[in-house]
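What's in data07.cif: mmCIF, C-alpha atoms
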```
data_target
loop_
_atom_site.label_atom_id
_atom_site.label_comp_id
_atom_site.auth_asym_id
_atom_site.auth_seq_id
_atom_site.Cartn_x
_atom_site.Cartn_y
_atom_site.Cartn_z
CA MET L 1 95.79 89.41 245.81
CA THR L 2 95.75 87.42 242.61
CA SER L 3 97.33 87.49 239.16
CA GLU L 4 97.65 85.14 236.22
CA ALA L 5 100.63 83.50 237.94
CA TYR L 6 99.81 83.40 241.65
CA HIS L 7 97.28 83.88 244.39
CA ILE L 8 98.12 85.34 247.79
CA LEU L 9 96.00 84.49 250.83
CA GLY L 10 96.08 86.48 254.05
CA GLU L 11 98.38 89.18 252.76
CA GLU L 12 97.49 91.26 255.83
CA ARG L 13 98.77 88.59 258.22
CA ARG L 14 102.03 89.57 259.84
CA SER L 15 103.39 86.48 261.61
CA ARG L 16 106.91 85.21 260.94
CA TRP L 17 105.61 82.35 258.83
CA LEU L 18 105.21 82.27 255.06
CA VAL L 19 103.47 79.20 253.66
CA THR L 20 104.07 78.42 250.00
CA CYS L 21 102.57 76.04 247.45
CA ASP L 22 104.52 75.81 244.21
CA HIS L 23 102.25 73.19 242.63
CA ALA L 24 98.82 74.35 243.76
CA SER L 25 97.02 74.24 240.40
CA ASN L 26 96.59 72.10 237.30
CA HIS L 27 95.36 75.07 235.23
CA VAL L 28 96.65 75.61 231.69
CA PRO L 29 96.28 79.23 230.50
CA ASP L 30 94.43 79.76 227.22
CA TRP L 31 97.53 81.14 225.54
CA VAL L 32 99.49 77.93 226.23
CA SER L 33 98.69 75.40 223.52
CA GLY L 34 95.11 76.69 223.38
CA GLY L 35 94.60 75.92 227.07
CA ASP L 36 95.09 72.20 226.52
CA LEU L 37 98.38 70.32 226.72
CA GLY L 38 96.83 67.39 224.88
CA LEU L 39 96.55 65.14 227.92
CA PRO L 40 93.35 63.38 228.98
CA ALA L 41 91.53 64.78 232.02
CA SER L 42 92.65 61.75 234.03
CA ASP L 43 96.30 62.73 233.54
CA MET L 44 95.64 66.39 234.34
CA ALA L 45 94.10 65.25 237.63
CA ARG L 46 97.21 63.26 238.53
CA HIS L 47 100.31 64.33 240.43
CA ILE L 48 102.12 65.01 237.16
CA ALA L 49 100.06 68.18 236.67
CA TRP L 50 99.90 69.45 240.27
CA ASP L 51 100.31 68.47 243.91
CA VAL L 52 96.92 66.97 244.75
CA GLY L 53 95.54 68.37 248.01
CA ALA L 54 98.46 70.71 248.62
CA ALA L 55 96.51 73.92 248.02
CA GLY L 56 93.87 73.05 250.62
CA LEU L 57 96.51 72.05 253.15
CA THR L 58 98.40 75.27 252.47
CA GLU L 59 95.31 77.36 253.06
CA ALA L 60 94.40 75.56 256.30
CA LEU L 61 97.95 75.64 257.65
CA ALA L 62 98.41 79.33 256.85
CA GLU L 63 95.20 80.13 258.68
CA ARG L 64 96.38 78.27 261.79
CA LEU L 65 99.77 79.95 261.71
CA ASP L 66 98.20 83.37 261.03
CA ALA L 67 100.50 83.47 258.02
CA PRO L 68 100.29 84.72 254.45
CA ALA L 69 100.41 82.08 251.75
CA ILE L 70 101.35 82.16 248.09
CA LEU L 71 100.01 79.57 245.68
CA SER L 72 100.79 79.10 242.00
CA LYS L 73 97.93 79.36 239.49
CA PHE L 74 99.39 77.27 236.67
CA SER L 75 100.21 73.62 236.18
CA ARG L 76 103.72 72.40 236.77
CA LEU L 77 103.46 70.93 233.24
CA VAL L 78 103.15 74.43 231.79
CA ILE L 79 106.38 75.42 233.52
CA ASP L 80 107.62 74.23 236.89
CA PRO L 81 107.98 77.06 239.43
CA ASN L 82 109.98 74.76 241.69
CA ARG L 83 112.84 74.60 239.20
CA GLY L 84 115.56 77.04 238.32
CA GLU L 85 115.42 78.68 234.91
CA ASP L 86 118.33 76.58 233.67
CA ASP L 87 117.01 73.27 235.03
CA PRO L 88 116.46 70.66 232.29
CA THR L 89 113.16 69.62 233.94
CA LEU L 90 111.76 73.15 233.88
CA LEU L 91 109.43 72.22 231.03
CA MET L 92 108.64 68.52 231.01
CA LYS L 93 107.93 66.58 227.82
CA LEU L 94 107.57 63.17 229.51
CA TYR L 95 106.47 62.61 233.10
CA ASP L 96 105.71 59.34 234.90
CA GLY L 97 104.91 57.50 231.70
CA SER L 98 102.84 60.26 230.06
CA ILE L 99 104.04 62.19 227.02
CA ILE L 100 103.02 65.88 227.18
CA PRO L 101 101.88 66.66 223.60
CA GLY L 102 101.57 70.41 224.21
CA ASN L 103 105.21 70.58 225.26
CA ARG L 104 106.61 68.27 222.61
CA HIS L 105 107.68 71.03 220.25
CA ALA L 106 108.05 73.85 222.78
CA GLY L 107 111.30 75.62 222.01
CA PRO L 108 113.24 78.52 223.55
CA GLU L 109 110.71 81.22 222.58
CA GLU L 110 107.78 79.30 224.04
CA THR L 111 109.75 78.59 227.20
CA LYS L 112 110.69 82.26 227.50
CA GLU L 113 107.07 83.38 227.24
CA ARG L 114 106.06 81.00 230.02
CA LEU L 115 108.96 82.24 232.13
CA VAL L 116 108.06 85.89 231.61
CA ARG L 117 104.31 85.54 232.16
CA LEU L 118 104.20 82.89 234.89
CA HIS L 119 107.44 81.67 236.45
CA ARG L 120 109.12 85.03 237.08
CA PRO L 121 106.02 86.87 238.39
CA TYR L 122 105.39 84.01 240.81
CA HIS L 123 108.91 84.26 242.19
CA GLU L 124 108.83 88.04 242.34
CA ALA L 125 105.67 87.90 244.47
CA TYR L 126 107.15 85.08 246.58
CA GLU L 127 110.28 87.12 247.34
CA ALA L 128 108.25 90.25 248.09
CA LEU L 129 106.34 88.34 250.77
CA ALA L 130 109.45 86.63 252.13
CA SER L 131 111.31 89.92 252.48
CA ARG L 132 108.60 91.70 254.49
CA ARG L 133 110.33 90.64 257.71
CA ASP L 134 113.98 90.00 258.48
CA ASP L 135 113.02 86.92 260.53
CA MET L 136 110.68 85.25 258.04
CA VAL L 137 110.37 81.46 258.15
CA ILE L 138 109.34 79.58 255.00
CA VAL L 139 107.18 76.46 255.05
CA ALA L 140 106.81 74.89 251.61
CA ILE L 141 103.90 72.50 251.15
CA HIS L 142 103.93 69.73 248.56
CA SER L 143 102.33 66.34 248.05
CA TYR L 144 103.45 63.18 246.31
CA THR L 145 101.77 60.18 244.77
CA ALA L 146 101.62 56.92 246.67
CA GLN L 147 103.09 55.04 243.74
CA LEU L 148 104.77 55.95 240.48
CA ARG L 149 104.00 53.73 237.51
CA GLY L 150 106.03 50.55 237.72
CA ARG L 151 107.59 51.54 241.05
CA PRO L 152 107.11 50.24 244.61
CA PHE L 153 104.47 51.68 246.93
CA ARG L 154 105.75 54.57 249.02
CA PRO L 155 105.18 53.72 252.70
CA TRP L 156 105.70 57.20 254.13
CA GLN L 157 102.60 59.18 255.07
CA ALA L 158 104.73 62.31 255.03
CA ALA L 159 108.26 63.30 254.17
CA ILE L 160 110.34 66.19 255.38
CA LEU L 161 112.76 67.39 252.72
CA HIS L 162 115.72 69.58 253.51
CA SER L 163 119.12 70.64 252.32
CA HIS L 164 122.33 69.77 254.14
CA LEU L 165 122.86 73.54 254.16
CA ASP L 166 119.99 74.11 256.62
CA SER L 167 118.19 71.44 258.64
CA ARG L 168 117.40 73.60 261.65
CA LEU L 169 113.65 73.13 261.40
CA ALA L 170 113.56 69.90 259.42
CA ASN L 171 115.34 67.63 261.86
CA PRO L 172 113.23 68.60 264.90
CA LEU L 173 110.05 68.27 262.84
CA ILE L 174 111.03 64.77 261.70
CA ALA L 175 111.66 63.79 265.32
CA ARG L 176 108.37 65.30 266.46
CA LEU L 177 106.28 63.55 263.81
CA ARG L 178 108.01 60.24 264.43
CA GLU L 179 106.74 60.34 268.00
CA GLU L 180 103.33 59.46 266.51
CA ALA L 181 103.39 55.66 266.35
CA GLU L 182 101.01 55.48 263.40
CA LEU L 183 103.20 57.67 261.17
CA THR L 184 106.06 56.61 258.94
CA VAL L 185 107.96 59.80 258.16
CA GLY L 186 110.57 60.09 255.43
CA ASP L 187 113.78 62.01 255.94
CA ASN L 188 114.68 63.21 252.43
CA GLU L 189 112.62 60.33 251.07
CA PRO L 190 111.34 59.52 248.49
CA TYR L 191 113.80 62.08 247.13
CA SER L 192 116.37 64.59 248.30
CA GLY L 193 115.39 68.06 249.46
CA HIS L 194 118.46 69.76 248.00
CA LEU L 195 117.93 70.99 244.46
CA PRO L 196 120.00 73.99 243.35
CA GLY L 197 117.79 76.71 241.89
CA ASP L 198 114.51 75.45 243.34
CA SER L 199 112.20 77.66 245.40
CA ILE L 200 113.73 76.86 248.78
CA ASP L 201 117.24 77.32 247.44
CA ARG L 202 116.28 80.62 245.86
CA HIS L 203 114.20 82.19 248.63
CA ALA L 204 115.47 80.50 251.80
CA LEU L 205 118.95 78.98 251.55
CA THR L 206 120.56 81.85 249.65
CA LYS L 207 118.92 84.36 252.02
CA GLY L 208 119.62 82.52 255.29
CA ARG L 209 115.92 82.12 256.09
CA PRO L 210 114.87 79.17 258.26
CA ASN L 211 112.84 76.77 256.19
CA VAL L 212 111.25 73.36 255.89
CA LEU L 213 109.63 71.54 252.98
CA ILE L 214 106.75 69.26 253.95
CA GLU L 215 105.46 66.58 251.60
CA VAL L 216 102.26 64.68 252.44
CA ARG L 217 101.18 61.61 250.50
CA ASN L 218 98.35 62.85 248.35
CA ASP L 219 95.83 60.10 249.13
CA LEU L 220 95.79 61.46 252.69
CA ILE L 221 94.92 65.04 251.74
CA GLU L 222 92.75 64.66 248.65
CA ASP L 223 89.70 65.88 250.58
CA GLU L 224 89.05 68.73 252.99
CA ALA L 225 88.90 66.49 256.05
CA GLY L 226 92.40 65.19 255.38
CA GLN L 227 93.75 68.66 254.71
CA ILE L 228 92.34 69.99 257.99
CA ALA L 229 93.63 66.98 259.93
CA TRP L 230 97.16 67.50 258.64
CA ALA L 231 97.03 71.26 259.23
CA ASP L 232 95.95 70.57 262.81
CA ARG L 233 98.87 68.18 263.19
CA LEU L 234 101.51 70.41 261.63
CA ALA L 235 100.67 73.86 263.00
CA PRO L 236 101.35 73.19 266.70
CA ALA L 237 104.44 71.17 265.86
CA LEU L 238 105.89 74.02 263.80
CA ARG L 239 105.09 76.64 266.44
CA ASP L 240 106.66 74.52 269.19
CA ILE L 241 109.79 73.80 267.17
CA LEU L 242 110.33 77.45 266.27
CA ARG L 243 110.05 78.39 269.94
CA GLU L 244 112.25 75.55 271.15
CA THR L 245 115.02 76.15 268.62
CA GLY L 246 115.09 79.87 269.34
CA LEU L 247 115.43 80.68 265.64
#
```

Once more with this new file: its structure as structure tokens, please.
Amino acid sequence: MTSEAYHILGEERRSRWLVTCDHASNHVPDWVSGGDLGLPASDMARHIAWDVGAAGLTEALAERLDAPAILSKFSRLVIDPNRGEDDPTLLMKLYDGSIIPGNRHAGPEETKERLVRLHRPYHEAYEALASRRDDMVIVAIHSYTAQLRGRPFRPWQAAILHSHLDSRLANPLIARLREEAELTVGDNEPYSGHLPGDSIDRHALTKGRPNVLIEVRNDLIEDEAGQIAWADRLAPALRDILRETGL
């Protein structure tokens, strides 16, 4: 199933897992600033516009978990689906050193149109999938850049983000991945996993659904081989942890 706002893979799959990708695309719809936010192609290819490699990892992981997946179809710079509607970073005008010309003069009416046509339909479809089973488990896939402009290199190959309100899957997954000697795994690094109003807060924490947010450094999943390798690593770990925790 697909719409202007989202794409659903494996809708017929009926496992407990739901795999999500909030920042799957760097697409700018034609009706938003003429389909061009005024950034060079090099910026639109960067992490500021989407989570590089996350869509491919989401697809591969969902297949291995026999799970449906929902992926956004619009750039986070158009409007960020992983932010609450009242979040000041919902519509970014400056991100990692780049001014977003197409957002510079975007006011309340422009923001509302993007909410109505993209943000809200994405979350409505997300919740419809999540509510198909009472025991649904949400796995959110993201990626992050190895280094922000003017900042230190990030040494973690992956990071597991979680809220203090629910670490039932996150803590065992961190421990499992840290058993691999070659991996440096962040625990709520390089940033915290608790953000009121974000997708996990909205669809997991407020509903009591087990959840985990997995970030992989994007240089490791920028091609299909890396995406498959990480899906092969994560799928058995997630299945084992769900069984072992008895959730």

- Within 7 Å of (113.7, 67.4, 253.0), only C-alpha atoms: residues as a PyMOL selection string? chain L and resi 159-163+170+187-188+192-193+213

Output C-alpha atoms for every residue in the selection just made, as an mmCIF file, keeping the file's coordinate frame.
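After the write, out_30.cif holds the following:
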```cif
data_model
loop_
_atom_site.group_PDB
_atom_site.id
_atom_site.type_symbol
_atom_site.label_atom_id
_atom_site.label_comp_id
_atom_site.auth_asym_id
_atom_site.auth_seq_id
_atom_site.Cartn_x
_atom_site.Cartn_y
_atom_site.Cartn_z
ATOM 1 C CA ALA L 159 108.260 63.300 254.170
ATOM 2 C CA ILE L 160 110.340 66.190 255.380
ATOM 3 C CA LEU L 161 112.760 67.390 252.720
ATOM 4 C CA HIS L 162 115.720 69.580 253.510
ATOM 5 C CA SER L 163 119.120 70.640 252.320
ATOM 6 C CA ALA L 170 113.560 69.900 259.420
ATOM 7 C CA ASP L 187 113.780 62.010 255.940
ATOM 8 C CA ASN L 188 114.680 63.210 252.430
ATOM 9 C CA SER L 192 116.370 64.590 248.300
ATOM 10 C CA GLY L 193 115.390 68.060 249.460
ATOM 11 C CA LEU L 213 109.630 71.540 252.980
#
```

- Message: I want to know what sits within 8 Å of Ile48 in chain L, based on only C-alpha atoms, with residues of the same chain fewer than 3 positions away left out; could you give that as a PyMOL selection string?
- Response: chain L and resi 43-44+51+76-77+95-96

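Distances here use only C-alpha atoms; by that measure, the residue among L:Arg132, L:His123, L:Arg16, L:Arg209 closest to Leu71 in chain L is L:His123.
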
- Message: Please list as number ranges by chain every residue within 6 Å of range 5-10 of chain L, counting all atoms listed in the file and excluding residues in the same chain fewer than 2 positions away.
- Response: L: 1-3, 12-13, 68-73, 118, 122

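In this structure, CA of Val185 in chain L sits 10.4 Å away from CA of Ile214 in chain L.
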